[in-house]
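Everything below belongs to model_9.tsv, which stores TSV, C-alpha atoms.
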chain	number	residue	atom	x	y	z
N	68	MET	CA	28.33	21.02	-11.25
N	69	SER	CA	27.26	24.39	-12.65
N	70	MET	CA	23.60	25.13	-13.34
N	71	ASN	CA	22.11	25.83	-16.76
N	72	ILE	CA	18.62	25.61	-18.25
N	73	PHE	CA	19.16	22.10	-19.64
N	74	ARG	CA	20.34	20.67	-16.33
N	75	LEU	CA	17.47	22.40	-14.50
N	76	CYS	CA	14.89	21.04	-16.98
N	77	GLY	CA	16.48	17.58	-16.69
N	78	ASP	CA	16.27	17.68	-12.91
N	79	MET	CA	12.65	18.83	-13.05
N	80	CYS	CA	11.77	15.99	-15.45
N	81	HIS	CA	13.36	13.57	-12.98
N	82	VAL	CA	11.37	15.04	-10.10
N	83	PHE	CA	8.14	15.01	-12.15
N	84	SER	CA	8.67	11.36	-13.05
N	85	ILE	CA	8.92	10.44	-9.36
N	86	ILE	CA	5.87	12.56	-8.46
N	87	VAL	CA	3.86	10.96	-11.27
N	88	LEU	CA	4.78	7.46	-10.10
N	89	LEU	CA	3.97	8.24	-6.46
N	90	LEU	CA	0.65	9.71	-7.61
N	91	ARG	CA	0.02	6.60	-9.68
N	92	LEU	CA	0.61	4.34	-6.65
N	93	ARG	CA	-1.43	6.46	-4.24
N	94	VAL	CA	-4.41	7.09	-6.53
N	95	ALA	CA	-4.70	3.73	-8.28
N	96	ARG	CA	-3.69	1.84	-5.11
N	97	ASN	CA	-2.04	-0.87	-7.18
N	98	ALA	CA	1.38	-1.68	-8.60
N	99	GLN	CA	0.31	-3.40	-11.80
N	100	GLY	CA	2.79	-2.71	-14.58
N	101	ILE	CA	5.40	-1.31	-12.16
N	102	SER	CA	8.78	-2.98	-11.67
N	103	LEU	CA	9.98	-3.18	-8.07
N	104	ARG	CA	13.38	-4.31	-9.35
N	105	THR	CA	13.93	-1.13	-11.34
N	106	HIS	CA	13.30	0.98	-8.25
N	107	GLU	CA	15.54	-1.19	-6.10
N	108	LEU	CA	18.27	-0.53	-8.67
N	109	PHE	CA	17.58	3.22	-8.67
N	110	LEU	CA	17.70	3.26	-4.86
N	111	LEU	CA	21.07	1.54	-4.99
N	112	VAL	CA	22.21	4.10	-7.59
N	113	PHE	CA	21.34	7.02	-5.30
N	114	LEU	CA	22.78	5.44	-2.14
N	115	THR	CA	26.14	4.75	-3.82
N	116	ARG	CA	26.30	8.04	-5.74
N	117	TYR	CA	25.46	10.36	-2.87
N	118	THR	CA	27.95	9.09	-0.26
N	119	ASP	CA	29.25	12.67	-0.17
N	120	LEU	CA	25.95	13.97	1.20
N	121	PHE	CA	27.29	14.26	4.75
N	122	THR	CA	30.92	15.04	3.88
N	123	THR	CA	30.81	17.71	1.16
N	124	PHE	CA	28.42	20.64	0.79
N	125	TYR	CA	28.01	21.97	-2.77
N	126	SER	CA	24.77	23.93	-2.53
N	127	LEU	CA	21.38	23.78	-0.83
N	128	TYR	CA	19.78	22.83	-4.16
N	129	ASN	CA	22.23	19.94	-4.59
N	130	SER	CA	21.67	18.59	-1.08
N	131	VAL	CA	17.87	18.88	-1.27
N	132	MET	CA	17.75	17.01	-4.60
N	133	LYS	CA	19.92	14.19	-3.24
N	134	VAL	CA	17.72	13.74	-0.17
N	135	LEU	CA	14.60	13.94	-2.33
N	136	TYR	CA	15.79	11.19	-4.70
N	137	ILE	CA	16.75	8.84	-1.86
N	138	ALA	CA	13.61	9.46	0.22
N	139	SER	CA	11.13	9.27	-2.68
N	140	THR	CA	12.67	6.14	-4.19
N	141	SER	CA	12.74	4.49	-0.75
N	142	SER	CA	9.03	5.35	-0.43
N	143	ILE	CA	8.29	3.70	-3.79
N	144	VAL	CA	10.18	0.53	-2.85
N	145	TYR	CA	8.45	0.42	0.55
N	146	ALA	CA	4.98	0.86	-1.00
N	147	ILE	CA	5.45	-1.90	-3.57
N	148	ARG	CA	7.06	-4.30	-1.09
N	149	LEU	CA	5.06	-3.76	2.10
N	150	GLN	CA	2.15	-1.33	1.86
N	151	GLU	CA	-1.32	-2.79	1.41
N	152	PRO	CA	-3.22	-2.94	-0.85
N	153	ILE	CA	-0.42	-1.87	-3.22
N	154	CYS	CA	1.95	-4.74	-2.46
N	155	SER	CA	-0.78	-7.36	-3.06
N	156	THR	CA	-1.21	-6.13	-6.64
N	157	TYR	CA	2.50	-6.29	-7.50
N	158	ASP	CA	2.96	-9.03	-10.11
N	159	ARG	CA	6.22	-10.82	-9.31
N	160	ALA	CA	5.64	-13.26	-12.14
N	161	GLN	CA	6.07	-10.45	-14.70
N	162	ASP	CA	8.98	-8.71	-12.93
N	163	THR	CA	11.57	-11.48	-13.33
N	164	PHE	CA	14.72	-9.71	-14.55
N	165	ARG	CA	17.58	-11.00	-12.38
N	166	HIS	CA	18.84	-7.56	-11.42
N	167	TRP	CA	21.45	-8.65	-8.87
N	168	ALA	CA	23.07	-11.12	-11.26
N	169	PHE	CA	22.71	-9.24	-14.57
N	170	ALA	CA	22.84	-5.58	-13.47
N	171	VAL	CA	24.45	-5.07	-10.07
N	172	ALA	CA	27.24	-7.65	-10.33
N	173	PRO	CA	28.46	-6.71	-13.86
N	174	CYS	CA	28.34	-3.00	-13.03
N	175	ALA	CA	30.34	-3.60	-9.85
N	176	VAL	CA	33.02	-5.44	-11.81
N	177	LEU	CA	33.11	-2.70	-14.47
N	178	ALA	CA	33.37	0.00	-11.81
N	179	LEU	CA	36.26	-1.79	-10.09
N	180	LEU	CA	38.12	-2.29	-13.38
N	181	THR	CA	37.52	1.33	-14.44
N	182	HIS	CA	38.73	2.57	-11.08
N	183	LEU	CA	41.91	0.48	-11.13
N	184	ILE	CA	42.73	1.24	-14.78
N	185	SER	CA	42.39	4.98	-14.10
N	186	GLY	CA	44.98	4.68	-11.33
N	187	GLY	CA	42.67	4.63	-8.32
N	188	SER	CA	43.34	2.65	-5.15
N	189	LEU	CA	41.14	0.89	-2.59
N	190	PHE	CA	42.83	2.21	0.52
N	191	SER	CA	41.21	5.60	1.11
N	192	PHE	CA	37.66	6.80	1.70
N	193	VAL	CA	37.89	9.22	-1.24
N	194	ASP	CA	38.93	6.40	-3.60
N	195	ILE	CA	36.07	4.20	-2.39
N	196	GLN	CA	33.65	7.10	-2.93
N	197	GLU	CA	34.97	7.56	-6.47
N	198	MET	CA	34.54	3.85	-7.25
N	199	LEU	CA	31.00	3.82	-5.84
N	200	TRP	CA	30.18	6.90	-7.93
N	201	THR	CA	31.43	5.12	-11.07
N	202	PHE	CA	29.37	2.06	-10.13
N	203	SER	CA	26.26	4.23	-9.84
N	204	ILE	CA	26.84	5.68	-13.31
N	205	TYR	CA	27.07	2.22	-14.88
N	206	LEU	CA	24.07	0.92	-12.94
N	207	GLU	CA	21.81	3.88	-13.72
N	208	SER	CA	22.33	3.34	-17.45
N	209	ILE	CA	20.53	-0.04	-17.30
N	210	ALA	CA	18.32	0.36	-14.21
N	211	ILE	CA	15.23	0.98	-16.34
N	212	LEU	CA	15.55	-2.40	-18.10
N	213	PRO	CA	13.32	-4.40	-15.67
N	214	GLN	CA	10.60	-1.74	-16.04
N	215	LEU	CA	10.74	-1.81	-19.84
N	216	ILE	CA	10.52	-5.61	-19.79
N	217	VAL	CA	7.46	-5.48	-17.52
N	218	LEU	CA	5.77	-2.97	-19.83
N	219	GLN	CA	6.49	-5.19	-22.83
N	220	ARG	CA	4.82	-8.11	-21.05
N	221	PHE	CA	1.76	-6.11	-19.99
N	222	ARG	CA	1.63	-4.37	-23.40
N	223	GLU	CA	-1.14	-1.92	-22.47
N	224	VAL	CA	0.41	0.95	-20.53
N	225	GLU	CA	-1.62	3.10	-18.14
N	226	ASN	CA	-1.49	6.85	-18.76
N	227	LEU	CA	0.36	7.77	-15.55
N	228	THR	CA	2.83	4.90	-15.96
N	229	GLY	CA	3.57	6.04	-19.52
N	230	ASN	CA	4.08	9.62	-18.36
N	231	TYR	CA	6.43	8.43	-15.61
N	232	ILE	CA	8.66	6.58	-18.09
N	233	PHE	CA	8.54	9.50	-20.55
N	234	PHE	CA	9.76	11.99	-17.94
N	235	MET	CA	12.51	9.59	-16.84
N	236	GLY	CA	13.79	9.30	-20.39
N	237	SER	CA	13.50	13.04	-20.95
N	238	TYR	CA	15.62	13.66	-17.85
N	239	ARG	CA	18.55	11.72	-19.27
N	240	ALA	CA	18.16	13.16	-22.79
N	241	LEU	CA	18.26	16.71	-21.37
N	242	TYR	CA	21.37	15.85	-19.38
N	243	ILE	CA	23.12	14.93	-22.64
N	244	VAL	CA	22.28	18.39	-23.99
N	245	ASN	CA	23.54	19.81	-20.67
N	246	TRP	CA	26.92	18.10	-21.17
N	247	ILE	CA	27.22	19.44	-24.71
N	248	PHE	CA	26.32	22.94	-23.54
N	249	ARG	CA	28.87	22.84	-20.72
N	250	ALA	CA	31.61	21.51	-22.99
N	251	TYR	CA	31.18	24.56	-25.25
N	252	TYR	CA	30.48	27.31	-22.74
N	253	GLU	CA	31.98	26.32	-19.37
N	254	PRO	CA	35.70	27.21	-19.00
N	255	GLY	CA	37.78	24.30	-17.70
N	256	TYR	CA	34.97	21.79	-18.14
N	257	ARG	CA	36.24	18.27	-17.45
N	258	HIS	CA	35.05	15.60	-19.87
N	259	HIS	CA	33.99	12.27	-18.38
N	260	TYR	CA	33.62	9.72	-21.14
N	261	VAL	CA	32.16	6.98	-18.92
N	262	VAL	CA	29.31	9.37	-18.07
N	263	TYR	CA	28.83	10.21	-21.77
N	264	PHE	CA	28.73	6.56	-22.84
N	265	CYS	CA	26.32	5.53	-20.07
N	266	GLY	CA	24.09	8.55	-20.67
N	267	VAL	CA	23.76	7.79	-24.37
N	268	LEU	CA	23.14	4.08	-23.65
N	269	GLN	CA	20.44	4.94	-21.12
N	270	THR	CA	18.72	7.31	-23.56
N	271	LEU	CA	18.83	4.72	-26.36
N	272	LEU	CA	17.04	2.22	-24.13
N	273	TYR	CA	14.09	4.62	-24.07
N	274	ALA	CA	14.04	5.20	-27.85
N	275	ASP	CA	11.51	2.48	-28.69
N	276	PHE	CA	9.27	3.55	-25.80
N	277	PHE	CA	9.44	7.21	-26.87
N	278	TYR	CA	8.32	6.32	-30.39
N	279	TYR	CA	5.20	4.41	-29.31
N	280	TYR	CA	4.44	6.91	-26.53
N	281	LEU	CA	4.44	9.86	-28.95
N	282	MET	CA	2.46	7.90	-31.54
N	283	SER	CA	-0.23	7.10	-28.93
N	284	LYS	CA	-0.43	10.78	-27.93
N	285	ARG	CA	-0.77	11.75	-31.59
N	286	ARG	CA	-3.57	9.24	-32.18
N	287	GLY	CA	-5.23	10.00	-28.85
N	288	GLY	CA	-5.94	6.35	-28.13
N	289	LYS	CA	-4.71	3.86	-25.57
N	290	PHE	CA	-0.97	3.41	-25.26
N	291	SER	CA	-0.02	-0.15	-26.16
N	292	LEU	CA	3.38	-1.63	-26.89
N	293	PRO	CA	3.60	-4.11	-29.77
N	294	THR	CA	4.49	-7.75	-29.28
N	295	ASN	CA	7.76	-9.06	-30.64
N	296	ALA	CA	5.86	-10.63	-33.52
N	297	GLN	CA	4.30	-7.27	-34.46
N	298	GLN	CA	7.73	-5.58	-34.47
N	299	LYS	CA	9.17	-8.04	-37.01

Conversion result in structure tokens:
Amino acid sequence: MSMNIFRLCGDMCHVFSIIVLLLRLRVARNAQGISLRTHELFLLVFLTRYTDLFTTFYSLYNSVMKVLYIASTSSIVYAIRLQEPICSTYDRAQDTFRHWAFAVAPCAVLALLTHLISGGSLFSFVDIQEMLWTFSIYLESIAILPQLIVLQRFREVENLTGNYIFFMGSYRALYIVNWIFRAYYEPGYRHHYVVYFCGVLQTLLYADFFYYYLMSKRRGGKFSLPTNAQQK
């Protein structure tokens, strides 16, 4: 994948979002309002997408970013699951989205169907890598859902948590601009419509959050999400 300013800014937003969340966990020493299930999904996304880490070298930048995403997300999952006092403050009662049944399983089926329809097989390592990559694209598009549900239940969003979600959404929005830029200016650019669809879907999931986040910054008050009754 070639580099341009939009991809670089998108990557930096992604890195900033992870740094902000790690800072939030380390400073506040609690996991209130944070979804463990979202980060388990993101970890699965990175593990299945970056199976080429030890087989294909693209660039030092590419390899470093892959390792960073896997290591940092693993650290987040570990902290929320096992590290005291953070794990004691994680509210399982609010983080109830059944991610294995309603995210992982459907995305696995979609990835298999997409792979077979496009003429892929299941009998070579390269084909398995391609199918896992497709699975990661589908899964990433909805991985933020458990986190958004948790925020809706807590309603009042801490500043660092809000910034974390904002940077995550900005990362995907900038990647959409990156695809448009490459389609116009990169010779021989290969369109991938599954990536486009999932990228747009993922960005749309953040739209409601973006609106209330920007409104809270404009007013300068606390960031609170409305209840379902208030939205009607």

Polymer residues at most 10 Å from Leu90 of chain N, only C-alpha atoms, same-chain spacing of 4 or more positions, as number ranges by chain: N: 84-86, 94-96, 227-228, 231

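Taking atom CA of Arg165 of chain N and atom CA of Ile101 of chain N as the two end points, the separation is 15.6 Å.
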
In the coordinates of the file, take the point (12.9, 11.4, -21.0) and a cut-off of 10 Å; then, counting only C-alpha atoms, name each qualifying protein, DNA or RNA residue as a PDB file with C-alpha atoms, in the coordinates of the input.
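To be explicit, this is the file written out as part_38.pdb:
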ATOM      1  CA  GLY N  77      16.480  17.580 -16.690  1.00  0.00           C
ATOM      2  CA  CYS N  80      11.770  15.990 -15.450  1.00  0.00           C
ATOM      3  CA  HIS N  81      13.360  13.570 -12.980  1.00  0.00           C
ATOM      4  CA  SER N  84       8.670  11.360 -13.050  1.00  0.00           C
ATOM      5  CA  ASN N 230       4.080   9.620 -18.360  1.00  0.00           C
ATOM      6  CA  TYR N 231       6.430   8.430 -15.610  1.00  0.00           C
ATOM      7  CA  ILE N 232       8.660   6.580 -18.090  1.00  0.00           C
ATOM      8  CA  PHE N 233       8.540   9.500 -20.550  1.00  0.00           C
ATOM      9  CA  PHE N 234       9.760  11.990 -17.940  1.00  0.00           C
ATOM     10  CA  MET N 235      12.510   9.590 -16.840  1.00  0.00           C
ATOM     11  CA  GLY N 236      13.790   9.300 -20.390  1.00  0.00           C
ATOM     12  CA  SER N 237      13.500  13.040 -20.950  1.00  0.00           C
ATOM     13  CA  TYR N 238      15.620  13.660 -17.850  1.00  0.00           C
ATOM     14  CA  ARG N 239      18.550  11.720 -19.270  1.00  0.00           C
ATOM     15  CA  ALA N 240      18.160  13.160 -22.790  1.00  0.00           C
ATOM     16  CA  LEU N 241      18.260  16.710 -21.370  1.00  0.00           C
ATOM     17  CA  TYR N 242      21.370  15.850 -19.380  1.00  0.00           C
ATOM     18  CA  GLN N 269      20.440   4.940 -21.120  1.00  0.00           C
ATOM     19  CA  THR N 270      18.720   7.310 -23.560  1.00  0.00           C
ATOM     20  CA  TYR N 273      14.090   4.620 -24.070  1.00  0.00           C
ATOM     21  CA  ALA N 274      14.040   5.200 -27.850  1.00  0.00           C
ATOM     22  CA  PHE N 276       9.270   3.550 -25.800  1.00  0.00           C
ATOM     23  CA  PHE N 277       9.440   7.210 -26.870  1.00  0.00           C
TER      24      PHE N 277
END

Interatomic distance, atom CA of Arg159 of chain N to atom CA of Val171 of chain N (Å, one decimal):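 Rounded to one decimal, the two atoms are 19.1 Å apart.
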
N:Leu92, N:Ala98, N:Met79, N:Leu271 ranked by distance to Ser155 of chain N, top pick (using only C-alpha atoms):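 Answer, going by the shortest atom-to-atom distance: N:Ala98.
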